[in-house]
Amino acid sequence: MRSIMPGSAGSYRFTLLAGAAAFALGAHGAASAQDLPDSDDADEFVLEDDVPSAPESNNQIIVTASKREQTLQEVPISVSVTSGETIEQAQIRDVLDLQTVTPSLRVSQLQTSSATTFIIRGFGNGDNNFGIEPSVGVFIDGVFRSRSAGALGDLNNVQRIEVLNGPQSTLFGKNASAGVISVVTREPQYEFGGMVEAVYGNFNQVFLRGDITGPITDNIAFSLDGTYQRRDGFGEIVNLDEEINNRNRWSTRGQLLIEPTPDFKIRAIADYARIDEICCQTATLVAGPTAGAIQALGGQFSTDFFAYENFLNVVPVNENDNYGGSVQMDYQAGPISITSITAYRELKNFFNQDIDFTSADIATETRDQEVQTFTQEIRVASDFDGPFNFLLGGFYFDETIEQISSVENGSDFRGFGDLLGGGPGTLSFVEQQLGLPQNSILSTPLLTSENFRMENTSWSIFGTFDLEPVDGLVFTVGFNYTDDEKEFALSQTSFDPLAQVNLVDAFIVGGIAQALQIPPGQVTPDVINGFATDPATAPIFDQIAGAAIDPATNALLPLAGLQFQPPFLSVPNAVEPGRTNDDELTYLLRASYQISPEVNVYASYATGFKASSVNLSRDSRPLLGDYVPGPGLSTILAPPSPILDAGLATPNLTTGSRFAGPEEAEVYEIGMKAQWEGFGFNLALFDQTIEGFQSFAFTGLGFALANAGEQSVKGFEFDATINPVDGLVLTFATTYLDALYDDFTGSPLGDLTGQRPGGIPEWAIATSATYTHEFDSGSRIITRVDYNHESNQDINNGLPTFNAQLGNTQIFRREVNLVNASATLALNNGLEIGAFARNLLDDQYILTVFDGVAQAGTVSGYPSPPRTYGGVVRFRF
């Protein structure tokens, strides 16, 4: 069943599966009774040969969402928890799969293997622009991963993953205006043990992972784990006889746990992850008017969106190296605990790909990016017997980002431009008329090359204070003060000669030259100013200027469509300092009450903050006010502005965004958490708003970054678990989102005020059924079925080129219905044999869409992955 255009696509399957969702009235897959406790002193679980067995009752999931160990029902925060056991049973390989068990979270991988977006409650921004920090913060073992490209390694030796919804800056020192994903891995153990696993599946998938842990001395333990994953591509580059969307990645991590005294613990971690893949599968949804030009050049493009066929002139390259280390020190002094986490990380990301997505040799893009990050966090927390407790922390962040990128002209680009301009010989005629070298337009080796650099330094102090005046009633006040400074330098060279000519100004210069009977090269700015202001010639100038902006008299204007990348105004300059500096105090007010040992309720108000982001793309342009372009982007007709007055204006300069200002979030939330023997649920109702949400859209060769005036979402999150009989766990979780652009007048699509933001499903459901049958011998059979649904939704609010031409009347939609299943035979000797299937019913839907590069009217997109299945053998020792 496919879901592409507006309508009821996918609704039949949803009807069939809705019954399963209703039947599995139980909790989020994360909070199932089979989950291991995350605290060593949780004694309600029994370990036999390192294989967990489910408790007969109770559901005590230990989390550290509040930076203290609490049960899931105690912590007064909307948090979803996915245990390591659920990750194994559901065959979740990486964070891309995590959304199938967490309905408030959406994760998508688009242009490259490392371009991933995390969205919580409808808020989040993409990682295809390294100048933009995600609104959803990702922490792995307490270490902030500033770019999602540095958080994509295979999930191995995971103890649990906590997804915290809403702003969390009072608990995490760095930007977290929309939420936090916190991955917690297992510490080394003093008892020797480990696990090895091998998976083989369709598309020749091979996945190997393992871990080993044990003592070195009485107070030093170690662990070592690693993963290796290969898979054939599920797409094909037909004309090159090459696969695409393959998997080729590996990772390794080593840990030391040192405990010199019972009160002092040191945990040192070093890790390395490598991705080297061919990505990503694209297809054509709408073939625009330029399709004929592509075909005339002998080029081909896909015509069936879900045929997983590609036609490219180069095989894409995606390389990602992510490595670093951290040292965490914990000291307990009676009721006071002190924690320090020091980390250094490097991320290297390189890709090269065909950006016109046809077999015609038109253009390719290369990006070489490097990120170096140092972080230091210190926390002091209390555990007094009295009514008052506190947590105080400080966080320091220092990061450097460098990017070298370019767009290379292909051998067919000039012929393509000729056909778009009117036919063979068009560009030669233009070169003759404008005095440009013959065969120069769209023929340079490079269209553009860029050098971007950004340095970001920030620090924050944060904390929470709890007061419990009577048993069960807790009042919490939290705060975070952040100071964030960014310095950036952006430079670009545009090589195409046509892009360096303003077609309005060229007409004006020619008209003045003709009027004064001088060569065009002698029409200097002083000559233009004198001609425009001399009473004798000013009327003539007005006539020339009027004709210059009229397509009926200026035959050059249609060539604007071939000016793909105009000259770039470098930063810093005399007007733009290339610097941002933000500071903000955010806070939390909360009251929670334990009505009974089984039921807690809470109400909270919180604010959040994310500092300014920088547009590290070739579409970075001055802010309106620093420069005001004239008609047709004319410099001659432009009104006074700081950039023009300083003599900095470049041909075809326009306004846009160098950076987007801070995001400021606020959320009202009330919730209830309850747990009885065999049944429990969590409910949160919220009203969340982000002012100045940093929205960006792909514009063809770059990205437009802008602050949405205000974006809000109202809704609720509900998850529950039920154990109707021994061994059976039913789970159900749903999120309802009523999202709105309260104010967004400056979007690339015009005024979106009053519209629902695209890409946010109204309903998201994650439900599962797990049954464990235990034999008298102690061996078990574990079966699991889970279902993930996203209601029919607009994929976005339109495309800057395609939908603008149609008045935003044709918006692509999608609906998601995923069924996953697994079965495992776990023998009492540690051997496990199983089988799995993800996307069992082969649901097909669009991940996202974008304007065809240099192809007005063409729409390309990314199709969903097909069904995958396989077998697994695992041995614990």
# chains A, B, ... in the order shown; residues from 1 in each chain; ligands from 1
>>> residues_around(residues="A:Gly661", least_positions_apart="6", cutoff="12 Å", atoms="only C-alpha atoms", output="compact mmCIF listing (two decimals) with N, CA, C and O atoms, in the first residue's frame")
# COMPACT_ATOMS: atom_id res chain seq x y z
N ILE A 132 23.77 24.60 12.32
CA ILE A 132 22.53 24.56 13.09
C ILE A 132 22.61 23.42 14.10
O ILE A 132 22.67 22.26 13.72
N ASP A 484 26.31 32.16 25.27
CA ASP A 484 26.76 31.46 24.06
C ASP A 484 27.30 32.49 23.06
O ASP A 484 26.62 33.48 22.74
N LYS A 486 29.30 32.83 19.23
CA LYS A 486 29.74 32.20 17.98
C LYS A 486 30.46 33.24 17.13
O LYS A 486 30.00 34.38 16.99
N ARG A 579 29.46 37.43 13.95
CA ARG A 579 29.51 37.12 15.37
C ARG A 579 28.10 37.15 15.94
O ARG A 579 27.28 37.99 15.57
N THR A 580 27.79 36.22 16.83
CA THR A 580 26.56 36.27 17.61
C THR A 580 26.92 36.07 19.07
O THR A 580 27.89 35.38 19.40
N ASN A 581 26.14 36.65 19.93
CA ASN A 581 26.35 36.50 21.38
C ASN A 581 25.00 36.51 22.05
O ASN A 581 24.28 37.52 22.00
N ASP A 582 24.62 35.41 22.66
CA ASP A 582 23.31 35.27 23.29
C ASP A 582 23.48 34.85 24.74
O ASP A 582 24.42 34.10 25.09
N ASP A 583 22.59 35.30 25.56
CA ASP A 583 22.52 34.80 26.92
C ASP A 583 21.07 34.77 27.35
O ASP A 583 20.26 35.59 26.88
N PHE A 609 15.72 27.24 25.92
CA PHE A 609 16.49 28.19 25.11
C PHE A 609 17.45 27.42 24.21
O PHE A 609 18.00 26.39 24.60
N LYS A 610 17.60 27.90 23.01
CA LYS A 610 18.66 27.45 22.12
C LYS A 610 19.26 28.66 21.46
O LYS A 610 18.54 29.52 20.94
N ALA A 611 20.57 28.79 21.49
CA ALA A 611 21.25 29.97 20.98
C ALA A 611 21.14 30.07 19.47
O ALA A 611 20.66 29.16 18.78
N SER A 612 21.59 31.19 18.94
CA SER A 612 21.55 31.45 17.50
C SER A 612 22.27 30.36 16.72
O SER A 612 23.26 29.79 17.19
N SER A 613 21.75 30.07 15.54
CA SER A 613 22.39 29.15 14.61
C SER A 613 22.87 29.91 13.39
O SER A 613 22.30 30.95 13.03
N VAL A 614 23.91 29.41 12.76
CA VAL A 614 24.55 30.09 11.64
C VAL A 614 24.31 29.30 10.36
O VAL A 614 24.39 28.06 10.35
N ASN A 615 24.00 30.00 9.29
CA ASN A 615 23.72 29.38 8.00
C ASN A 615 25.04 29.09 7.28
O ASN A 615 25.54 29.91 6.53
N LEU A 623 21.23 40.00 6.03
CA LEU A 623 19.90 40.23 6.57
C LEU A 623 19.29 41.47 5.93
O LEU A 623 19.98 42.43 5.57
N GLU A 691 9.15 30.32 20.46
CA GLU A 691 9.26 31.58 19.73
C GLU A 691 10.60 31.62 19.00
O GLU A 691 11.62 31.27 19.57
N GLY A 692 10.54 32.03 17.75
CA GLY A 692 11.77 32.11 16.96
C GLY A 692 12.30 30.75 16.55
O GLY A 692 13.52 30.59 16.38
N PHE A 693 11.40 29.75 16.38
CA PHE A 693 11.86 28.42 15.98
C PHE A 693 12.72 28.53 14.73
O PHE A 693 12.36 29.18 13.74
N GLN A 694 13.91 27.89 14.76
CA GLN A 694 14.87 28.01 13.66
C GLN A 694 14.49 27.03 12.55
O GLN A 694 14.84 25.86 12.57
N SER A 695 13.79 27.55 11.57
CA SER A 695 13.31 26.74 10.44
C SER A 695 14.24 26.94 9.26
O SER A 695 14.67 28.07 8.98
N LEU A 705 17.60 29.81 6.04
CA LEU A 705 17.42 29.71 7.49
C LEU A 705 16.64 30.92 7.97
O LEU A 705 16.97 32.06 7.64
N ALA A 706 15.59 30.68 8.74
CA ALA A 706 14.75 31.78 9.20
C ALA A 706 14.11 31.43 10.53
O ALA A 706 13.88 30.26 10.83
N ASN A 707 13.83 32.47 11.32
CA ASN A 707 13.10 32.28 12.56
C ASN A 707 11.60 32.34 12.29
O ASN A 707 11.11 33.33 11.74
N ALA A 708 10.89 31.27 12.65
CA ALA A 708 9.43 31.34 12.66
C ALA A 708 9.04 32.18 13.87
O ALA A 708 9.55 31.98 14.97
N GLY A 709 8.16 33.13 13.65
CA GLY A 709 7.79 34.01 14.76
C GLY A 709 7.35 33.23 15.98
O GLY A 709 7.82 33.46 17.10
>>> residues_around(residues="A:Pro651", least_positions_apart="6", cutoff="12 Å", atoms="only C-alpha atoms", output="list in words")
Ser494, Pro497, Leu498, Ala499, Gln500, Val501, Asn502, Leu503, Val504, Asp505, Ala506, Gln563, Gln565, Pro566, Pro567, Phe568, Leu569, Pro629, Gly630, Gly632, Leu633, Ser634, Thr635, Ile636, Ala638 and Leu644 of chain A
>>> residues_around(residues="A:Pro757", least_positions_apart="4", cutoff="7 Å", atoms="only C-alpha atoms", output="JSON, numbers by chain")
{"A": [739, 740, 741, 796, 797]}
>>> write_last_selection(atoms="N, CA, C and O atoms", output="tab-separated table (two decimals), in the first residue's frame")
chain	number	residue	atom	x	y	z
A	739	ALA	N	-0.60	21.01	16.14
A	739	ALA	CA	0.50	21.94	15.90
A	739	ALA	C	0.03	23.11	15.04
A	739	ALA	O	-0.88	22.98	14.21
A	740	LEU	N	0.68	24.28	15.22
A	740	LEU	CA	0.26	25.49	14.52
A	740	LEU	C	1.43	26.46	14.40
A	740	LEU	O	2.22	26.62	15.33
A	741	TYR	N	1.54	27.08	13.22
A	741	TYR	CA	2.38	28.26	13.08
A	741	TYR	C	1.55	29.45	13.55
A	741	TYR	O	0.69	29.96	12.82
A	796	ASN	N	5.41	18.48	4.10
A	796	ASN	CA	5.94	19.79	4.45
A	796	ASN	C	4.88	20.82	4.09
A	796	ASN	O	3.75	20.46	3.73
A	797	ASN	N	5.22	22.09	4.15
A	797	ASN	CA	4.26	23.14	3.81
A	797	ASN	C	4.38	23.59	2.37
A	797	ASN	O	3.82	24.63	1.99
>>> atom_distance(atom1="atom CA of A:Leu297", atom2="atom CA of A:Asn239")
14.6 Å
>>> closest_atom_pairs(of="stretch 756-822 of chain A", to="stretch 832-855 of chain A", cutoff="10 Å", atoms="only C-alpha atoms", output="tab-separated table")
residue	atom	partner	partner_atom	distance
A:Gly759	CA	A:Thr848	CA	8.5
A:Ser779	CA	A:Glu832	CA	9.5
A:Arg780	CA	A:Glu832	CA	9.3
A:Ile781	CA	A:Gly834	CA	9.2
A:Ile782	CA	A:Gly834	CA	9.0
A:Thr783	CA	A:Gly834	CA	9.3
A:Arg784	CA	A:Phe836	CA	9.2
A:Val785	CA	A:Ala837	CA	9.6
A:Asp786	CA	A:Arg838	CA	9.5
A:Tyr787	CA	A:Asn839	CA	9.2
A:Asn788	CA	A:Asn839	CA	9.5
A:Asp794	CA	A:Thr848	CA	9.8
A:Ile795	CA	A:Thr848	CA	6.1
A:Asn796	CA	A:Thr848	CA	7.8
A:Gly798	CA	A:Phe850	CA	9.0
A:Leu799	CA	A:Asp851	CA	6.3
A:Pro800	CA	A:Asp851	CA	7.4
A:Thr801	CA	A:Asp851	CA	6.4
A:Phe802	CA	A:Asp851	CA	6.4
A:Asn803	CA	A:Asp851	CA	9.1
A:Ile811	CA	A:Val849	CA	9.8
A:Phe812	CA	A:Val849	CA	7.8
A:Arg813	CA	A:Ile846	CA	7.6
A:Arg814	CA	A:Tyr845	CA	5.8
A:Glu815	CA	A:Tyr845	CA	6.6
A:Val816	CA	A:Tyr845	CA	6.7
A:Asn817	CA	A:Asp843	CA	6.3
A:Leu818	CA	A:Asn839	CA	5.2
A:Val819	CA	A:Asn839	CA	5.2
A:Asn820	CA	A:Arg838	CA	4.4
A:Ala821	CA	A:Ala837	CA	5.3
A:Ser822	CA	A:Phe836	CA	4.1
>>> atom_distance(atom1="atom CA of A:Thr448", atom2="atom CA of A:Val238")
28.8 Å
>>> closest_residue(among="A:Ala697, A:Gly166, A:Leu752, A:Ser747", to="A:Lys714", atoms="only C-alpha atoms")
A:Gly166
>>> residues_around(residues="stretch 398-412 of chain A", least_positions_apart="2", cutoff="7 Å", atoms="only C-alpha atoms", output="compact mmCIF listing (two decimals) with all heavy atoms, in the first residue's frame")
# COMPACT_ATOMS: atom_id res chain seq x y z
N ALA A 360 22.27 12.41 -16.68
CA ALA A 360 22.96 13.48 -17.39
C ALA A 360 24.05 14.06 -16.48
O ALA A 360 23.87 14.18 -15.27
CB ALA A 360 21.98 14.57 -17.80
N ASP A 361 25.17 14.44 -17.06
CA ASP A 361 26.30 14.96 -16.29
C ASP A 361 26.13 16.46 -16.14
O ASP A 361 26.69 17.25 -16.91
CB ASP A 361 27.60 14.61 -17.00
CG ASP A 361 28.83 14.97 -16.18
OD1 ASP A 361 28.65 15.31 -15.00
OD2 ASP A 361 29.95 14.91 -16.72
N ILE A 362 25.36 16.86 -15.14
CA ILE A 362 25.05 18.28 -14.95
C ILE A 362 25.84 18.87 -13.79
O ILE A 362 26.59 19.83 -13.96
CB ILE A 362 23.54 18.48 -14.74
CG1 ILE A 362 22.79 18.07 -16.02
CG2 ILE A 362 23.22 19.92 -14.37
CD1 ILE A 362 21.29 18.17 -15.93
N ALA A 363 25.70 18.33 -12.59
CA ALA A 363 26.41 18.91 -11.45
C ALA A 363 26.55 17.89 -10.33
O ALA A 363 25.68 17.04 -10.13
CB ALA A 363 25.69 20.15 -10.94
N THR A 364 27.67 17.99 -9.61
CA THR A 364 27.89 17.18 -8.40
C THR A 364 28.33 18.11 -7.28
O THR A 364 28.91 19.18 -7.52
CB THR A 364 28.97 16.10 -8.62
OG1 THR A 364 30.19 16.73 -9.04
CG2 THR A 364 28.54 15.11 -9.68
N GLU A 365 28.06 17.69 -6.05
CA GLU A 365 28.44 18.49 -4.88
C GLU A 365 29.36 17.68 -3.99
O GLU A 365 29.18 16.48 -3.81
CB GLU A 365 27.20 18.90 -4.08
CG GLU A 365 27.56 19.75 -2.86
CD GLU A 365 26.36 20.08 -1.98
OE1 GLU A 365 25.31 19.44 -2.15
OE2 GLU A 365 26.51 20.96 -1.11
N THR A 366 30.33 18.38 -3.41
CA THR A 366 31.25 17.78 -2.45
C THR A 366 31.26 18.63 -1.19
O THR A 366 31.29 19.86 -1.26
CB THR A 366 32.67 17.72 -3.02
OG1 THR A 366 32.68 16.90 -4.19
CG2 THR A 366 33.65 17.14 -2.01
N ARG A 367 31.21 17.95 -0.03
CA ARG A 367 31.40 18.63 1.26
C ARG A 367 32.40 17.85 2.08
O ARG A 367 32.29 16.63 2.20
CB ARG A 367 30.08 18.73 2.04
CG ARG A 367 29.16 19.83 1.56
CD ARG A 367 28.01 20.02 2.53
NE ARG A 367 26.74 20.11 1.83
CZ ARG A 367 25.56 20.06 2.42
NH1 ARG A 367 25.48 19.91 3.72
NH2 ARG A 367 24.45 20.17 1.71
N ASP A 368 33.33 18.57 2.66
CA ASP A 368 34.32 17.99 3.56
C ASP A 368 34.22 18.78 4.87
O ASP A 368 34.60 19.95 4.93
CB ASP A 368 35.72 18.10 2.95
CG ASP A 368 36.73 17.24 3.69
OD1 ASP A 368 36.39 16.71 4.77
OD2 ASP A 368 37.87 17.12 3.20
N GLN A 369 33.71 18.13 5.92
CA GLN A 369 33.40 18.82 7.17
C GLN A 369 34.16 18.19 8.33
O GLN A 369 34.37 16.98 8.35
CB GLN A 369 31.89 18.74 7.46
CG GLN A 369 31.03 19.32 6.33
CD GLN A 369 29.57 18.91 6.44
OE1 GLN A 369 29.28 17.73 6.58
NE2 GLN A 369 28.67 19.87 6.36
N GLU A 370 34.53 19.03 9.29
CA GLU A 370 35.22 18.54 10.47
C GLU A 370 34.73 19.32 11.68
O GLU A 370 34.62 20.56 11.63
CB GLU A 370 36.73 18.68 10.32
CG GLU A 370 37.51 18.09 11.50
CD GLU A 370 39.00 18.01 11.23
OE1 GLU A 370 39.40 18.15 10.06
OE2 GLU A 370 39.75 17.81 12.21
N VAL A 371 34.45 18.60 12.76
CA VAL A 371 33.96 19.20 14.00
C VAL A 371 34.83 18.71 15.15
O VAL A 371 35.03 17.50 15.30
CB VAL A 371 32.49 18.84 14.27
CG1 VAL A 371 31.98 19.55 15.53
CG2 VAL A 371 31.61 19.20 13.08
N GLN A 372 35.33 19.63 15.94
CA GLN A 372 36.11 19.31 17.13
C GLN A 372 35.39 19.91 18.34
O GLN A 372 35.09 21.11 18.35
CB GLN A 372 37.53 19.86 17.04
CG GLN A 372 38.33 19.29 15.87
CD GLN A 372 39.69 19.94 15.73
OE1 GLN A 372 39.92 21.04 16.21
NE2 GLN A 372 40.59 19.25 15.05
N THR A 373 35.13 19.08 19.34
CA THR A 373 34.31 19.52 20.47
C THR A 373 34.95 19.11 21.79
O THR A 373 35.36 17.95 21.96
CB THR A 373 32.90 18.90 20.39
OG1 THR A 373 32.33 19.16 19.12
CG2 THR A 373 32.00 19.48 21.46
N PHE A 374 35.01 20.07 22.71
CA PHE A 374 35.43 19.80 24.09
C PHE A 374 34.30 20.22 25.02
O PHE A 374 33.75 21.31 24.88
CB PHE A 374 36.70 20.58 24.43
CG PHE A 374 37.07 20.48 25.90
CD1 PHE A 374 37.73 19.37 26.39
CD2 PHE A 374 36.73 21.49 26.79
CE1 PHE A 374 38.07 19.27 27.73
CE2 PHE A 374 37.05 21.40 28.13
CZ PHE A 374 37.73 20.28 28.60
N THR A 375 33.95 19.34 25.96
CA THR A 375 32.90 19.66 26.93
C THR A 375 33.38 19.29 28.32
O THR A 375 34.15 18.34 28.52
CB THR A 375 31.59 18.92 26.63
OG1 THR A 375 31.83 17.50 26.64
CG2 THR A 375 31.01 19.33 25.30
N TYR A 396 30.55 23.60 30.27
CA TYR A 396 31.38 24.39 29.37
C TYR A 396 31.48 23.66 28.04
O TYR A 396 31.65 22.43 27.99
CB TYR A 396 32.77 24.60 29.95
CG TYR A 396 33.71 25.34 29.02
CD1 TYR A 396 33.60 26.72 28.83
CD2 TYR A 396 34.70 24.66 28.32
CE1 TYR A 396 34.45 27.39 27.97
CE2 TYR A 396 35.56 25.32 27.46
CZ TYR A 396 35.43 26.68 27.28
OH TYR A 396 36.27 27.35 26.42
N ARG A 414 26.44 22.83 -19.88
CA ARG A 414 26.29 23.90 -20.86
C ARG A 414 25.18 23.56 -21.87
O ARG A 414 24.35 24.41 -22.21
CB ARG A 414 27.60 24.16 -21.59
CG ARG A 414 27.49 25.32 -22.60
CD ARG A 414 28.84 25.63 -23.22
NE ARG A 414 28.71 26.61 -24.29
CZ ARG A 414 28.74 27.93 -24.13
NH1 ARG A 414 28.89 28.44 -22.91
NH2 ARG A 414 28.64 28.74 -25.15
N GLY A 415 25.17 22.31 -22.34
CA GLY A 415 24.11 21.92 -23.26
C GLY A 415 22.74 22.03 -22.60
O GLY A 415 21.75 22.42 -23.24
N PHE A 416 22.66 21.68 -21.31
CA PHE A 416 21.41 21.81 -20.56
C PHE A 416 20.99 23.27 -20.49
O PHE A 416 19.81 23.61 -20.71
CB PHE A 416 21.63 21.24 -19.16
CG PHE A 416 20.41 21.23 -18.29
CD1 PHE A 416 19.29 20.47 -18.63
CD2 PHE A 416 20.37 21.96 -17.11
CE1 PHE A 416 18.17 20.44 -17.82
CE2 PHE A 416 19.26 21.94 -16.29
CZ PHE A 416 18.15 21.19 -16.64
N LEU A 442 28.63 28.25 -17.82
CA LEU A 442 28.34 26.88 -17.37
C LEU A 442 29.38 25.88 -17.87
O LEU A 442 29.09 24.70 -18.02
CB LEU A 442 26.94 26.43 -17.80
CG LEU A 442 25.77 27.30 -17.29
CD1 LEU A 442 24.44 26.71 -17.75
CD2 LEU A 442 25.80 27.42 -15.78
N SER A 443 30.60 26.38 -18.10
CA SER A 443 31.67 25.49 -18.59
C SER A 443 32.89 25.50 -17.70
O SER A 443 33.85 24.79 -17.99
CB SER A 443 32.09 25.90 -20.01
OG SER A 443 31.04 25.70 -20.93
N THR A 444 32.89 26.29 -16.66
CA THR A 444 34.03 26.29 -15.75
C THR A 444 34.08 24.96 -14.99
O THR A 444 33.05 24.32 -14.77
CB THR A 444 33.92 27.45 -14.76
OG1 THR A 444 32.66 27.38 -14.09
CG2 THR A 444 34.02 28.79 -15.48
N PRO A 445 35.26 24.52 -14.59
CA PRO A 445 35.33 23.24 -13.85
C PRO A 445 34.44 23.24 -12.61
O PRO A 445 33.81 22.24 -12.30
CB PRO A 445 36.82 23.13 -13.49
CG PRO A 445 37.52 23.94 -14.53
CD PRO A 445 36.61 25.08 -14.84
N LEU A 446 34.41 24.36 -11.88
CA LEU A 446 33.58 24.47 -10.70
C LEU A 446 32.54 25.56 -10.89
O LEU A 446 32.81 26.60 -11.52
CB LEU A 446 34.42 24.80 -9.47
CG LEU A 446 35.45 23.76 -8.99
CD1 LEU A 446 36.22 24.29 -7.79
CD2 LEU A 446 34.75 22.46 -8.63
N LEU A 447 31.36 25.32 -10.36
CA LEU A 447 30.36 26.37 -10.29
C LEU A 447 30.63 27.27 -9.09
O LEU A 447 30.59 28.50 -9.20
CB LEU A 447 28.96 25.77 -10.19
CG LEU A 447 27.79 26.76 -10.22
CD1 LEU A 447 27.67 27.40 -11.60
CD2 LEU A 447 26.49 26.04 -9.84
N THR A 448 30.93 26.66 -7.95
CA THR A 448 31.26 27.40 -6.73
C THR A 448 32.26 26.60 -5.90
O THR A 448 32.38 25.38 -6.04
CB THR A 448 30.02 27.65 -5.83
OG1 THR A 448 29.61 26.41 -5.24
CG2 THR A 448 28.87 28.21 -6.62
N SER A 449 32.96 27.29 -5.02
CA SER A 449 33.73 26.64 -3.95
C SER A 449 33.60 27.51 -2.71
O SER A 449 33.52 28.74 -2.81
CB SER A 449 35.19 26.47 -4.35
OG SER A 449 35.84 27.73 -4.46
N GLU A 450 33.56 26.85 -1.54
CA GLU A 450 33.31 27.57 -0.30
C GLU A 450 34.29 27.13 0.78
O GLU A 450 34.75 25.98 0.79
CB GLU A 450 31.89 27.32 0.23
CG GLU A 450 30.77 27.73 -0.71
CD GLU A 450 30.42 26.65 -1.72
OE1 GLU A 450 30.56 25.46 -1.37
OE2 GLU A 450 30.03 26.99 -2.85
N ASN A 451 34.54 28.06 1.70
CA ASN A 451 35.26 27.79 2.93
C ASN A 451 34.47 28.41 4.07
O ASN A 451 34.27 29.63 4.11
CB ASN A 451 36.68 28.38 2.89
CG ASN A 451 37.64 27.55 2.07
OD1 ASN A 451 38.25 26.61 2.57
ND2 ASN A 451 37.77 27.90 0.80
N PHE A 452 34.02 27.57 4.99
CA PHE A 452 33.24 28.03 6.14
C PHE A 452 33.96 27.61 7.41
O PHE A 452 34.51 26.51 7.49
CB PHE A 452 31.83 27.43 6.15
CG PHE A 452 31.01 27.73 4.93
CD1 PHE A 452 30.06 26.84 4.48
CD2 PHE A 452 31.17 28.93 4.24
CE1 PHE A 452 29.27 27.11 3.37
CE2 PHE A 452 30.39 29.21 3.12
CZ PHE A 452 29.45 28.31 2.68
N ARG A 453 33.90 28.48 8.41
CA ARG A 453 34.47 28.15 9.72
C ARG A 453 33.63 28.81 10.81
O ARG A 453 33.20 29.97 10.64
CB ARG A 453 35.93 28.63 9.83
CG ARG A 453 36.58 28.34 11.18
CD ARG A 453 38.00 28.88 11.24
NE ARG A 453 38.60 28.70 12.55
CZ ARG A 453 39.29 27.63 12.92
NH1 ARG A 453 39.46 26.64 12.07
NH2 ARG A 453 39.81 27.56 14.14
N MET A 454 33.38 28.07 11.87
CA MET A 454 32.64 28.62 13.00
C MET A 454 33.25 28.14 14.30
O MET A 454 33.56 26.95 14.45
CB MET A 454 31.16 28.22 12.94
CG MET A 454 30.32 28.85 14.05
SD MET A 454 28.56 28.45 13.93
CE MET A 454 28.56 26.76 14.56
N GLU A 455 33.42 29.05 15.23
CA GLU A 455 33.89 28.73 16.57
C GLU A 455 32.80 29.10 17.56
O GLU A 455 32.28 30.21 17.54
CB GLU A 455 35.20 29.45 16.88
CG GLU A 455 36.35 29.05 15.96
CD GLU A 455 37.65 29.73 16.31
OE1 GLU A 455 37.64 30.57 17.24
OE2 GLU A 455 38.67 29.43 15.66
N ASN A 456 32.47 28.15 18.42
CA ASN A 456 31.36 28.32 19.36
C ASN A 456 31.87 28.04 20.78
O ASN A 456 32.39 26.96 21.04
CB ASN A 456 30.22 27.37 18.99
CG ASN A 456 29.01 27.49 19.90
OD1 ASN A 456 28.16 26.61 19.92
ND2 ASN A 456 28.90 28.55 20.68
N THR A 457 31.72 29.02 21.64
CA THR A 457 32.07 28.86 23.04
C THR A 457 30.85 29.23 23.88
O THR A 457 30.26 30.29 23.68
CB THR A 457 33.25 29.75 23.44
OG1 THR A 457 34.36 29.46 22.61
CG2 THR A 457 33.64 29.53 24.89
N SER A 458 30.50 28.34 24.79
CA SER A 458 29.37 28.66 25.67
C SER A 458 29.60 28.05 27.04
O SER A 458 30.37 27.10 27.20
CB SER A 458 28.05 28.13 25.08
OG SER A 458 27.98 26.74 25.15
>>> select_by_dssp(residues="stretch 61-179 of chain A", states="strand (DSSP E)", output="ChimeraX atom specification")
/A:62-63,70-71,79-83,105-109,116-120,136-140,143-145,158-165,179
>>> residues_around(residues="stretch 524-526 of chain A", least_positions_apart="5", cutoff="12 Å", atoms="only C-alpha atoms", output="PyMOL selection string")
chain A and resi 505+508-510+512-513+518-519+531-534+635-637+647
>>> write_last_selection(atoms="C-alpha atoms", output="mmCIF file, in the first residue's frame")
data_model
loop_
_atom_site.group_PDB
_atom_site.id
_atom_site.type_symbol
_atom_site.label_atom_id
_atom_site.label_comp_id
_atom_site.auth_asym_id
_atom_site.auth_seq_id
_atom_site.Cartn_x
_atom_site.Cartn_y
_atom_site.Cartn_z
ATOM 1 C CA ASP A 505 22.362 46.607 -14.527
ATOM 2 C CA ILE A 508 21.249 50.089 -17.849
ATOM 3 C CA VAL A 509 25.001 50.253 -18.509
ATOM 4 C CA GLY A 510 24.418 49.503 -22.187
ATOM 5 C CA ILE A 512 23.938 54.811 -20.788
ATOM 6 C CA ALA A 513 26.882 53.854 -23.011
ATOM 7 C CA ILE A 518 31.098 55.626 -25.101
ATOM 8 C CA PRO A 519 32.207 51.986 -24.688
ATOM 9 C CA PHE A 531 23.934 60.501 -15.555
ATOM 10 C CA ALA A 532 21.163 59.697 -13.080
ATOM 11 C CA THR A 533 21.381 63.003 -11.190
ATOM 12 C CA ASP A 534 22.112 65.495 -13.988
ATOM 13 C CA THR A 635 22.714 47.261 -7.527
ATOM 14 C CA ILE A 636 22.312 50.471 -9.529
ATOM 15 C CA LEU A 637 18.637 50.788 -8.570
ATOM 16 C CA GLY A 647 30.791 49.596 -1.480
#
